[in-house]
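Presented below is the structure to which this report refers.
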Amino acid sequence: MASSSIIDSRAIWDIIIVGGGPAGLSAALVLARARRRVLICDGGQPRNRSSNRIGGFLTRDGVDPAAFLQLARNELSAYDTVEFKQDTQVTTAASGEMGFELQTSSGETIIGRKVLIATGVTDQLPPVPKIDDFYGRSVWHCPYCDGYEHRDQKVAVYGRGRTVSALALELTGWTSRLTAVSDGPCGLSAGQRQRLKNNGIEVREDPIIGLAGNEGRLTHVVFASD
Ligand SMILES: Cc1cc2nc3c(=O)[nH]c(=O)nc-3n(C[C@H](O)[C@H](O)[C@H](O)COP(=O)(O)OP(=O)(O)OC[C@H]3O[C@@H](n4cnc5c(N)ncnc54)[C@H](O)[C@@H]3O)c2cc1C
């Protein structure tokens with residue numbers, strides 16, 4: 001435990017930001033401009049790390065996500081009150097006499113008057129064999145980010161019940177070549193099935209045993225019945 005008597009006040013950050021993705025870096029910019037001493041600790045695992053282009057972000061449409069983060073860090077380097085600890089995980093945090101005491105994966109203790117948590121979210125992918133090989137390359141969760149690049153292409157929509165029917169109907173704005181795949185009973189009501197049918201969307205309930213393709217490019221869903 002650090003003791004107030006041996007801590008130099010300059011070693012205490014005004015704010016420690018945990019997470020150096022777009023959220024943490026945006027906060028750092030505003031805080032730097034408010035003349036705060038800011039330390040950003042980033043574990044280096046951004047949510048979109050499997051993707052190689054950002055879609056729908058004004059002025060950065062199509063930019064590589066890693067390049068985007070580098071641009072943001074470059075902007076922040078103009079502020080001498082901001083420092084980074086890259087590839088550094090914050091492992092524990094506790095409130096102490098001087099503020100918050102955080103431990104990092106490198107065994108260091110850092111102290112901040114305030115802590116801003118910007119650690120993002122972790123996606124839980126459906127239990128489809130090999131999905132990790134394709135996620136962020138040709139398997140997606142957000143049509144607004146990545147639908148445009150697959151416009152008018154064949155698209156399989158994964159899910160059950162209202163989740164799959166609502167998403168499939170939404171996707172008709174991007175392509176008419178849609179198949180709903182539910183990997184077992186689809187849980188659709190008669191009305192939902194009819195709406196899908198009216199929009200030319202086939203429903204396949206056969207169990208899925210895998211995904212096939214090359215270098216992240218999905219060519220087809222493999223069904224147990226194939
Ligand atoms: C496949 C995919 C494609 C996407 N495509 C787009 C797109 O085209 N357009 C778009 O606008 N959005 C897209 N997104 C969404 C976008 O990635 C998120 O909105 C964005 O990353 C959120 O930023 P964030 O800073 O909140 O979190 P993140 O970017 O996830 O950053 C959080 C950071 O915190 C770090 N961290 C977590 N815990 C700790 C800890 N204990 N200590 C230190 N650091 C920690 C992580 O390592 C990470 O670097 C996509 C997402 C995915 C999954």
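Quick note on naming: the chains in the structure tokens go A, B, ... in the order shown, residues restart at 1 in each chain, and ligands are numbered from 1 in order of appearance.
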If we count only C-alpha atoms, what is near Glu108 in chain A at a cut-off of 10 Å, once residues fewer than 6 positions away on the same chain are taken out, given as a short mmCIF file (atom, residue, chain, number, x, y, z; two decimals) with C-alpha atoms, in the first residue's frame?
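See around21.cif below for the written result:
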```
data_model
loop_
_atom_site.label_atom_id
_atom_site.label_comp_id
_atom_site.auth_asym_id
_atom_site.auth_seq_id
_atom_site.Cartn_x
_atom_site.Cartn_y
_atom_site.Cartn_z
CA THR A 88 -0.78 -2.74 -20.03
CA VAL A 90 -5.09 -2.85 -15.11
CA LEU A 102 -4.36 0.58 -9.51
#
```
- request: Please check which protein, DNA or RNA residues sit within 6 Å of ligand 1, counting only C-alpha atoms and all ligand atoms, and write them as JSON, numbers by chain.
  value: {"A": [18, 19, 20, 21, 22, 23, 24, 41, 42, 43, 44, 45, 46, 47, 48, 50, 51, 54, 55, 56, 57, 88, 89, 90, 91, 118, 119, 120, 121, 136, 140, 145, 146]}
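Residue nearest Ala32 in chain A, chosen from A:Asp14, A:Asp132, A:Asp152, A:Glu101 and counting only C-alpha atoms: A:Asp14.
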Sort by chain and increasing residue number a table of all residues of range 72-167 of chain A within 12 Å of range 25-30 of chain A, each with its closest pair of atoms and their distance in Å to one decimal, counting only C-alpha atoms, and write it as CSV.
```
residue,atom,partner,partner_atom,distance
A:Ala72,CA,A:Leu25,CA,6.8
A:Arg73,CA,A:Leu25,CA,7.4
A:Asn74,CA,A:Leu25,CA,10.6
A:Glu75,CA,A:Leu29,CA,8.2
A:Leu76,CA,A:Leu29,CA,6.3
A:Ser77,CA,A:Leu29,CA,9.8
A:Ala78,CA,A:Leu29,CA,10.0
A:Tyr79,CA,A:Leu29,CA,8.4
A:Asp80,CA,A:Leu29,CA,11.5
A:Thr81,CA,A:Ala28,CA,9.9
A:Val82,CA,A:Ala28,CA,7.5
A:Glu83,CA,A:Ala28,CA,9.7
A:Phe84,CA,A:Leu25,CA,10.2
A:Val115,CA,A:Ala27,CA,11.5
A:Leu116,CA,A:Ala27,CA,8.6
A:Ile117,CA,A:Ala27,CA,10.3
A:Ala118,CA,A:Ala27,CA,8.9
A:Thr119,CA,A:Leu25,CA,11.2
```
Keeping all heavy atoms, export the residues of the selection given above as a compact mmCIF listing (two decimals), in the first residue's frame.
```
# COMPACT_ATOMS: atom_id res chain seq x y z
N ALA A 72 -5.35 8.73 -33.49
CA ALA A 72 -5.84 9.33 -32.24
C ALA A 72 -4.70 9.52 -31.25
O ALA A 72 -4.58 10.57 -30.60
CB ALA A 72 -6.93 8.43 -31.64
N ARG A 73 -3.82 8.50 -31.15
CA ARG A 73 -2.69 8.63 -30.22
C ARG A 73 -1.74 9.74 -30.69
O ARG A 73 -1.19 10.48 -29.87
CB ARG A 73 -1.96 7.29 -30.09
CG ARG A 73 -2.77 6.25 -29.31
CD ARG A 73 -1.93 5.04 -28.94
NE ARG A 73 -1.60 4.24 -30.09
CZ ARG A 73 -2.27 3.15 -30.47
NH1 ARG A 73 -3.31 2.71 -29.78
NH2 ARG A 73 -1.90 2.47 -31.53
N ASN A 74 -1.58 9.88 -32.03
CA ASN A 74 -0.72 10.96 -32.55
C ASN A 74 -1.27 12.32 -32.15
O ASN A 74 -0.52 13.22 -31.76
CB ASN A 74 -0.62 10.89 -34.08
CG ASN A 74 0.16 9.67 -34.54
OD1 ASN A 74 0.79 9.00 -33.74
ND2 ASN A 74 0.09 9.39 -35.82
N GLU A 75 -2.59 12.47 -32.25
CA GLU A 75 -3.20 13.76 -31.86
C GLU A 75 -2.91 14.04 -30.40
O GLU A 75 -2.57 15.17 -30.02
CB GLU A 75 -4.71 13.72 -32.08
CG GLU A 75 -5.11 14.17 -33.45
CD GLU A 75 -6.62 14.23 -33.64
OE1 GLU A 75 -7.38 14.20 -32.64
OE2 GLU A 75 -7.04 14.28 -34.79
N LEU A 76 -3.04 13.01 -29.57
CA LEU A 76 -2.85 13.21 -28.12
C LEU A 76 -1.39 13.50 -27.77
O LEU A 76 -1.11 14.11 -26.73
CB LEU A 76 -3.33 11.97 -27.37
CG LEU A 76 -4.85 11.87 -27.26
CD1 LEU A 76 -5.27 10.47 -26.84
CD2 LEU A 76 -5.37 12.90 -26.26
N SER A 77 -0.47 13.07 -28.64
CA SER A 77 0.95 13.29 -28.31
C SER A 77 1.31 14.78 -28.32
O SER A 77 2.36 15.17 -27.83
CB SER A 77 1.85 12.50 -29.26
OG SER A 77 1.71 13.02 -30.56
N ALA A 78 0.43 15.61 -28.86
CA ALA A 78 0.68 17.07 -28.83
C ALA A 78 0.47 17.65 -27.43
O ALA A 78 0.83 18.80 -27.18
CB ALA A 78 -0.25 17.76 -29.82
N TYR A 79 -0.10 16.87 -26.54
CA TYR A 79 -0.42 17.37 -25.19
C TYR A 79 0.56 16.76 -24.20
O TYR A 79 0.61 15.55 -24.02
CB TYR A 79 -1.86 17.00 -24.81
CG TYR A 79 -2.86 17.68 -25.71
CD1 TYR A 79 -3.25 17.09 -26.91
CD2 TYR A 79 -3.39 18.92 -25.38
CE1 TYR A 79 -4.13 17.72 -27.76
CE2 TYR A 79 -4.28 19.57 -26.23
CZ TYR A 79 -4.65 18.96 -27.42
OH TYR A 79 -5.53 19.59 -28.26
N ASP A 80 1.35 17.64 -23.56
CA ASP A 80 2.42 17.10 -22.70
C ASP A 80 1.91 16.63 -21.33
O ASP A 80 2.70 16.16 -20.52
CB ASP A 80 3.57 18.11 -22.56
CG ASP A 80 3.12 19.42 -21.94
OD1 ASP A 80 1.96 19.50 -21.49
OD2 ASP A 80 3.93 20.36 -21.91
N THR A 81 0.63 16.74 -21.08
CA THR A 81 0.10 16.22 -19.81
C THR A 81 -0.50 14.82 -19.98
O THR A 81 -1.11 14.29 -19.04
CB THR A 81 -0.98 17.16 -19.23
OG1 THR A 81 -2.03 17.29 -20.20
CG2 THR A 81 -0.41 18.51 -18.87
N VAL A 82 -0.34 14.25 -21.19
CA VAL A 82 -0.92 12.92 -21.45
C VAL A 82 0.19 11.89 -21.61
O VAL A 82 1.16 12.13 -22.33
CB VAL A 82 -1.78 12.94 -22.73
CG1 VAL A 82 -2.32 11.54 -23.05
CG2 VAL A 82 -2.93 13.92 -22.60
N GLU A 83 0.05 10.77 -20.94
CA GLU A 83 1.00 9.66 -21.14
C GLU A 83 0.24 8.35 -21.37
O GLU A 83 -0.91 8.22 -20.94
CB GLU A 83 1.92 9.52 -19.93
CG GLU A 83 3.02 10.57 -19.95
CD GLU A 83 4.06 10.38 -18.87
OE1 GLU A 83 4.30 9.23 -18.45
OE2 GLU A 83 4.62 11.41 -18.43
N PHE A 84 0.93 7.44 -22.02
CA PHE A 84 0.34 6.13 -22.34
C PHE A 84 1.10 5.01 -21.69
O PHE A 84 2.33 5.06 -21.60
CB PHE A 84 0.44 5.87 -23.86
CG PHE A 84 -0.42 6.76 -24.69
CD1 PHE A 84 0.11 7.93 -25.21
CD2 PHE A 84 -1.73 6.42 -24.97
CE1 PHE A 84 -0.68 8.77 -25.99
CE2 PHE A 84 -2.52 7.24 -25.74
CZ PHE A 84 -1.99 8.42 -26.26
N VAL A 115 -10.58 7.82 -11.67
CA VAL A 115 -10.36 6.74 -12.64
C VAL A 115 -11.54 6.74 -13.60
O VAL A 115 -12.70 6.84 -13.17
CB VAL A 115 -10.27 5.37 -11.95
CG1 VAL A 115 -10.21 4.24 -12.97
CG2 VAL A 115 -9.04 5.31 -11.05
N LEU A 116 -11.23 6.69 -14.88
CA LEU A 116 -12.30 6.61 -15.88
C LEU A 116 -12.21 5.23 -16.55
O LEU A 116 -11.18 4.88 -17.11
CB LEU A 116 -12.11 7.73 -16.91
CG LEU A 116 -13.30 8.04 -17.81
CD1 LEU A 116 -13.25 9.50 -18.24
CD2 LEU A 116 -13.35 7.14 -19.01
N ILE A 117 -13.27 4.48 -16.43
CA ILE A 117 -13.28 3.13 -17.01
C ILE A 117 -13.84 3.21 -18.43
O ILE A 117 -15.00 3.60 -18.63
CB ILE A 117 -14.17 2.17 -16.18
CG1 ILE A 117 -13.81 2.21 -14.69
CG2 ILE A 117 -14.13 0.74 -16.74
CD1 ILE A 117 -12.55 1.51 -14.30
N ALA A 118 -13.00 2.86 -19.41
CA ALA A 118 -13.44 2.88 -20.82
C ALA A 118 -13.00 1.57 -21.45
O ALA A 118 -12.30 1.54 -22.47
CB ALA A 118 -12.83 4.08 -21.53
N THR A 119 -13.40 0.47 -20.82
CA THR A 119 -12.87 -0.84 -21.21
C THR A 119 -13.71 -1.53 -22.30
O THR A 119 -13.38 -2.65 -22.69
CB THR A 119 -12.78 -1.76 -19.97
OG1 THR A 119 -14.02 -1.70 -19.27
CG2 THR A 119 -11.67 -1.32 -19.04
```
- request: Can you check which residues of range 62-180 of chain A DSSP gives as strand (DSSP E) on the backbone and send them as a PyMOL selection string?
  value: chain A and resi 82-86+90-96+99-104+109-117+155-158+178-180
Can you write just those residues out, N, CA and C atoms, as a JSON list (two decimals), in the first residue's frame?
```
[["chain", "number", "residue", "atom", "x", "y", "z"],
["A", 82, "VAL", "N", -0.34, 14.25, -21.19],
["A", 82, "VAL", "CA", -0.92, 12.92, -21.45],
["A", 82, "VAL", "C", 0.19, 11.89, -21.61],
["A", 83, "GLU", "N", 0.05, 10.77, -20.94],
["A", 83, "GLU", "CA", 1.00, 9.66, -21.14],
["A", 83, "GLU", "C", 0.24, 8.35, -21.37],
["A", 84, "PHE", "N", 0.93, 7.44, -22.02],
["A", 84, "PHE", "CA", 0.34, 6.13, -22.34],
["A", 84, "PHE", "C", 1.10, 5.01, -21.69],
["A", 85, "LYS", "N", 0.37, 4.01, -21.31],
["A", 85, "LYS", "CA", 0.98, 2.71, -21.02],
["A", 85, "LYS", "C", 0.27, 1.73, -21.93],
["A", 86, "GLN", "N", 0.92, 1.44, -23.05],
["A", 86, "GLN", "CA", 0.32, 0.52, -24.03],
["A", 86, "GLN", "C", 0.54, -0.92, -23.60],
["A", 90, "VAL", "N", -4.88, -3.18, -16.52],
["A", 90, "VAL", "CA", -5.09, -2.85, -15.11],
["A", 90, "VAL", "C", -5.74, -4.07, -14.48],
["A", 91, "THR", "N", -5.13, -4.59, -13.44],
["A", 91, "THR", "CA", -5.62, -5.86, -12.89],
["A", 91, "THR", "C", -6.49, -5.65, -11.65],
["A", 92, "THR", "N", -6.16, -4.66, -10.83],
["A", 92, "THR", "CA", -7.00, -4.38, -9.67],
["A", 92, "THR", "C", -7.05, -2.87, -9.43],
["A", 93, "ALA", "N", -8.11, -2.45, -8.76],
["A", 93, "ALA", "CA", -8.24, -1.03, -8.39],
["A", 93, "ALA", "C", -8.87, -0.97, -7.01],
["A", 94, "ALA", "N", -8.35, -0.08, -6.19],
["A", 94, "ALA", "CA", -8.93, 0.10, -4.86],
["A", 94, "ALA", "C", -8.82, 1.56, -4.48],
["A", 95, "SER", "N", -9.78, 2.03, -3.71],
["A", 95, "SER", "CA", -9.66, 3.42, -3.28],
["A", 95, "SER", "C", -8.74, 3.47, -2.06],
["A", 96, "GLY", "N", -7.90, 4.48, -2.07],
["A", 96, "GLY", "CA", -6.95, 4.64, -0.97],
["A", 96, "GLY", "C", -6.96, 6.07, -0.49],
["A", 99, "GLY", "N", -6.50, 8.66, -3.39],
["A", 99, "GLY", "CA", -7.36, 8.53, -4.57],
["A", 99, "GLY", "C", -7.54, 7.05, -4.86],
["A", 100, "PHE", "N", -7.26, 6.69, -6.11],
["A", 100, "PHE", "CA", -7.39, 5.27, -6.50],
["A", 100, "PHE", "C", -6.02, 4.67, -6.77],
["A", 101, "GLU", "N", -5.80, 3.51, -6.22],
["A", 101, "GLU", "CA", -4.54, 2.80, -6.46],
["A", 101, "GLU", "C", -4.82, 1.62, -7.37],
["A", 102, "LEU", "N", -4.14, 1.63, -8.51],
["A", 102, "LEU", "CA", -4.36, 0.58, -9.51],
["A", 102, "LEU", "C", -3.08, -0.24, -9.67],
["A", 103, "GLN", "N", -3.27, -1.53, -9.84],
["A", 103, "GLN", "CA", -2.13, -2.40, -10.13],
["A", 103, "GLN", "C", -2.18, -2.75, -11.62],
["A", 104, "THR", "N", -1.01, -2.81, -12.22],
["A", 104, "THR", "CA", -0.98, -3.16, -13.65],
["A", 104, "THR", "C", -0.37, -4.55, -13.84],
["A", 109, "THR", "N", 2.33, -0.05, -9.41],
["A", 109, "THR", "CA", 1.18, 0.59, -8.75],
["A", 109, "THR", "C", 1.08, 2.01, -9.29],
["A", 110, "ILE", "N", -0.10, 2.40, -9.73],
["A", 110, "ILE", "CA", -0.28, 3.77, -10.20],
["A", 110, "ILE", "C", -1.44, 4.39, -9.43],
["A", 111, "ILE", "N", -1.34, 5.69, -9.23],
["A", 111, "ILE", "CA", -2.33, 6.36, -8.39],
["A", 111, "ILE", "C", -2.98, 7.52, -9.14],
["A", 112, "GLY", "N", -4.28, 7.60, -9.07],
["A", 112, "GLY", "CA", -4.99, 8.70, -9.72],
["A", 112, "GLY", "C", -6.07, 9.23, -8.80],
["A", 113, "ARG", "N", -6.30, 10.57, -8.93],
["A", 113, "ARG", "CA", -7.40, 11.13, -8.12],
["A", 113, "ARG", "C", -8.73, 10.60, -8.62],
["A", 114, "LYS", "N", -8.80, 10.41, -9.91],
["A", 114, "LYS", "CA", -10.03, 9.85, -10.52],
["A", 114, "LYS", "C", -9.62, 8.72, -11.46],
["A", 115, "VAL", "N", -10.58, 7.82, -11.67],
["A", 115, "VAL", "CA", -10.36, 6.74, -12.64],
["A", 115, "VAL", "C", -11.54, 6.74, -13.60],
["A", 116, "LEU", "N", -11.23, 6.69, -14.88],
["A", 116, "LEU", "CA", -12.30, 6.61, -15.88],
["A", 116, "LEU", "C", -12.21, 5.23, -16.55],
["A", 117, "ILE", "N", -13.27, 4.48, -16.43],
["A", 117, "ILE", "CA", -13.28, 3.13, -17.01],
["A", 117, "ILE", "C", -13.84, 3.21, -18.43],
["A", 155, "VAL", "N", -26.53, -13.57, -48.14],
["A", 155, "VAL", "CA", -26.22, -13.38, -46.72],
["A", 155, "VAL", "C", -27.07, -14.36, -45.89],
["A", 156, "ALA", "N", -26.42, -15.06, -44.96],
["A", 156, "ALA", "CA", -27.14, -15.90, -44.01],
["A", 156, "ALA", "C", -27.33, -15.10, -42.72],
["A", 157, "VAL", "N", -28.53, -15.13, -42.18],
["A", 157, "VAL", "CA", -28.83, -14.38, -40.96],
["A", 157, "VAL", "C", -29.03, -15.39, -39.84],
["A", 158, "TYR", "N", -28.19, -15.31, -38.81],
["A", 158, "TYR", "CA", -28.19, -16.33, -37.75],
["A", 158, "TYR", "C", -29.02, -15.86, -36.56],
["A", 178, "LEU", "N", -31.35, -13.38, -49.02],
["A", 178, "LEU", "CA", -31.22, -13.68, -47.59],
["A", 178, "LEU", "C", -31.75, -15.06, -47.24],
["A", 179, "THR", "N", -31.06, -15.76, -46.33],
["A", 179, "THR", "CA", -31.57, -17.01, -45.76],
["A", 179, "THR", "C", -31.43, -16.90, -44.24],
["A", 180, "ALA", "N", -32.51, -17.19, -43.52],
["A", 180, "ALA", "CA", -32.42, -17.22, -42.05],
["A", 180, "ALA", "C", -31.97, -18.61, -41.64]]
```
- prompt: Given the choices A:Ser165, A:Ser138, A:Gln70, A:Ser106, which gets closest to Ala212 in chain A if the distance is worked out from only C-alpha atoms?
  reply: A:Ser138
message: Show me, as an NGL selection string, the residues that have an atom within 12 Å of range 191-202 of chain A when counting only C-alpha atoms, minus same-chain residues fewer than 6 positions from it.
response: :A and (154-157 or 160-173 or 175-182)
Atomic separation - CA of Ile17 in chain A relative to CA of Val38 in chain A, Å: 7.2 Å
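Using only C-alpha atoms for every distance, the candidate list A:Leu125, A:Met98, A:Ala67, A:Ile208 yields A:Leu125 as the residue closest to His141 in chain A.
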Please identify the helix (DSSP H, G or I) residues within range 38-104 of chain A (assignment by DSSP from backbone atoms) and present them as a PDB file with N, CA and C atoms, in the first residue's frame.
```pdb
ATOM      1  N   PRO A  65      -8.840  -0.047 -38.470  1.00  0.00           N
ATOM      2  CA  PRO A  65      -9.048   0.324 -37.059  1.00  0.00           C
ATOM      3  C   PRO A  65      -7.748   0.602 -36.299  1.00  0.00           C
ATOM      4  N   ALA A  66      -6.692  -0.161 -36.602  1.00  0.00           N
ATOM      5  CA  ALA A  66      -5.417   0.074 -35.909  1.00  0.00           C
ATOM      6  C   ALA A  66      -4.832   1.426 -36.315  1.00  0.00           C
ATOM      7  N   ALA A  67      -4.986   1.780 -37.613  1.00  0.00           N
ATOM      8  CA  ALA A  67      -4.491   3.083 -38.089  1.00  0.00           C
ATOM      9  C   ALA A  67      -5.292   4.214 -37.445  1.00  0.00           C
ATOM     10  N   PHE A  68      -6.586   3.980 -37.270  1.00  0.00           N
ATOM     11  CA  PHE A  68      -7.440   4.982 -36.617  1.00  0.00           C
ATOM     12  C   PHE A  68      -6.951   5.263 -35.191  1.00  0.00           C
ATOM     13  N   LEU A  69      -6.651   4.203 -34.459  1.00  0.00           N
ATOM     14  CA  LEU A  69      -6.175   4.383 -33.076  1.00  0.00           C
ATOM     15  C   LEU A  69      -4.826   5.093 -33.064  1.00  0.00           C
ATOM     16  N   GLN A  70      -3.981   4.781 -34.055  1.00  0.00           N
ATOM     17  CA  GLN A  70      -2.677   5.448 -34.112  1.00  0.00           C
ATOM     18  C   GLN A  70      -2.852   6.945 -34.384  1.00  0.00           C
ATOM     19  N   LEU A  71      -3.791   7.282 -35.272  1.00  0.00           N
ATOM     20  CA  LEU A  71      -4.067   8.706 -35.544  1.00  0.00           C
ATOM     21  C   LEU A  71      -4.497   9.415 -34.262  1.00  0.00           C
ATOM     22  N   ALA A  72      -5.348   8.735 -33.493  1.00  0.00           N
ATOM     23  CA  ALA A  72      -5.844   9.332 -32.240  1.00  0.00           C
ATOM     24  C   ALA A  72      -4.698   9.518 -31.252  1.00  0.00           C
ATOM     25  N   ARG A  73      -3.824   8.499 -31.155  1.00  0.00           N
ATOM     26  CA  ARG A  73      -2.689   8.631 -30.219  1.00  0.00           C
ATOM     27  C   ARG A  73      -1.743   9.735 -30.687  1.00  0.00           C
ATOM     28  N   ASN A  74      -1.577   9.877 -32.030  1.00  0.00           N
ATOM     29  CA  ASN A  74      -0.721  10.956 -32.548  1.00  0.00           C
ATOM     30  C   ASN A  74      -1.271  12.321 -32.145  1.00  0.00           C
ATOM     31  N   GLU A  75      -2.593  12.470 -32.246  1.00  0.00           N
ATOM     32  CA  GLU A  75      -3.198  13.758 -31.865  1.00  0.00           C
ATOM     33  C   GLU A  75      -2.909  14.045 -30.398  1.00  0.00           C
ATOM     34  N   LEU A  76      -3.039  13.007 -29.571  1.00  0.00           N
ATOM     35  CA  LEU A  76      -2.846  13.206 -28.123  1.00  0.00           C
ATOM     36  C   LEU A  76      -1.388  13.498 -27.774  1.00  0.00           C
TER      37      LEU A  76
END
```
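Note that CA of Thr59 in chain A and CA of Arg35 in chain A are 26.8 Å apart.
What separates CA of Trp13 in chain A from CA of Gly107 in chain A is a distance of 17.7 Å.
Taking only C-alpha atoms into account, Pro129 in chain A lies nearest to A:Ile209 out of the set A:Ala190, A:Ile209, A:Ala34, A:Ala11.
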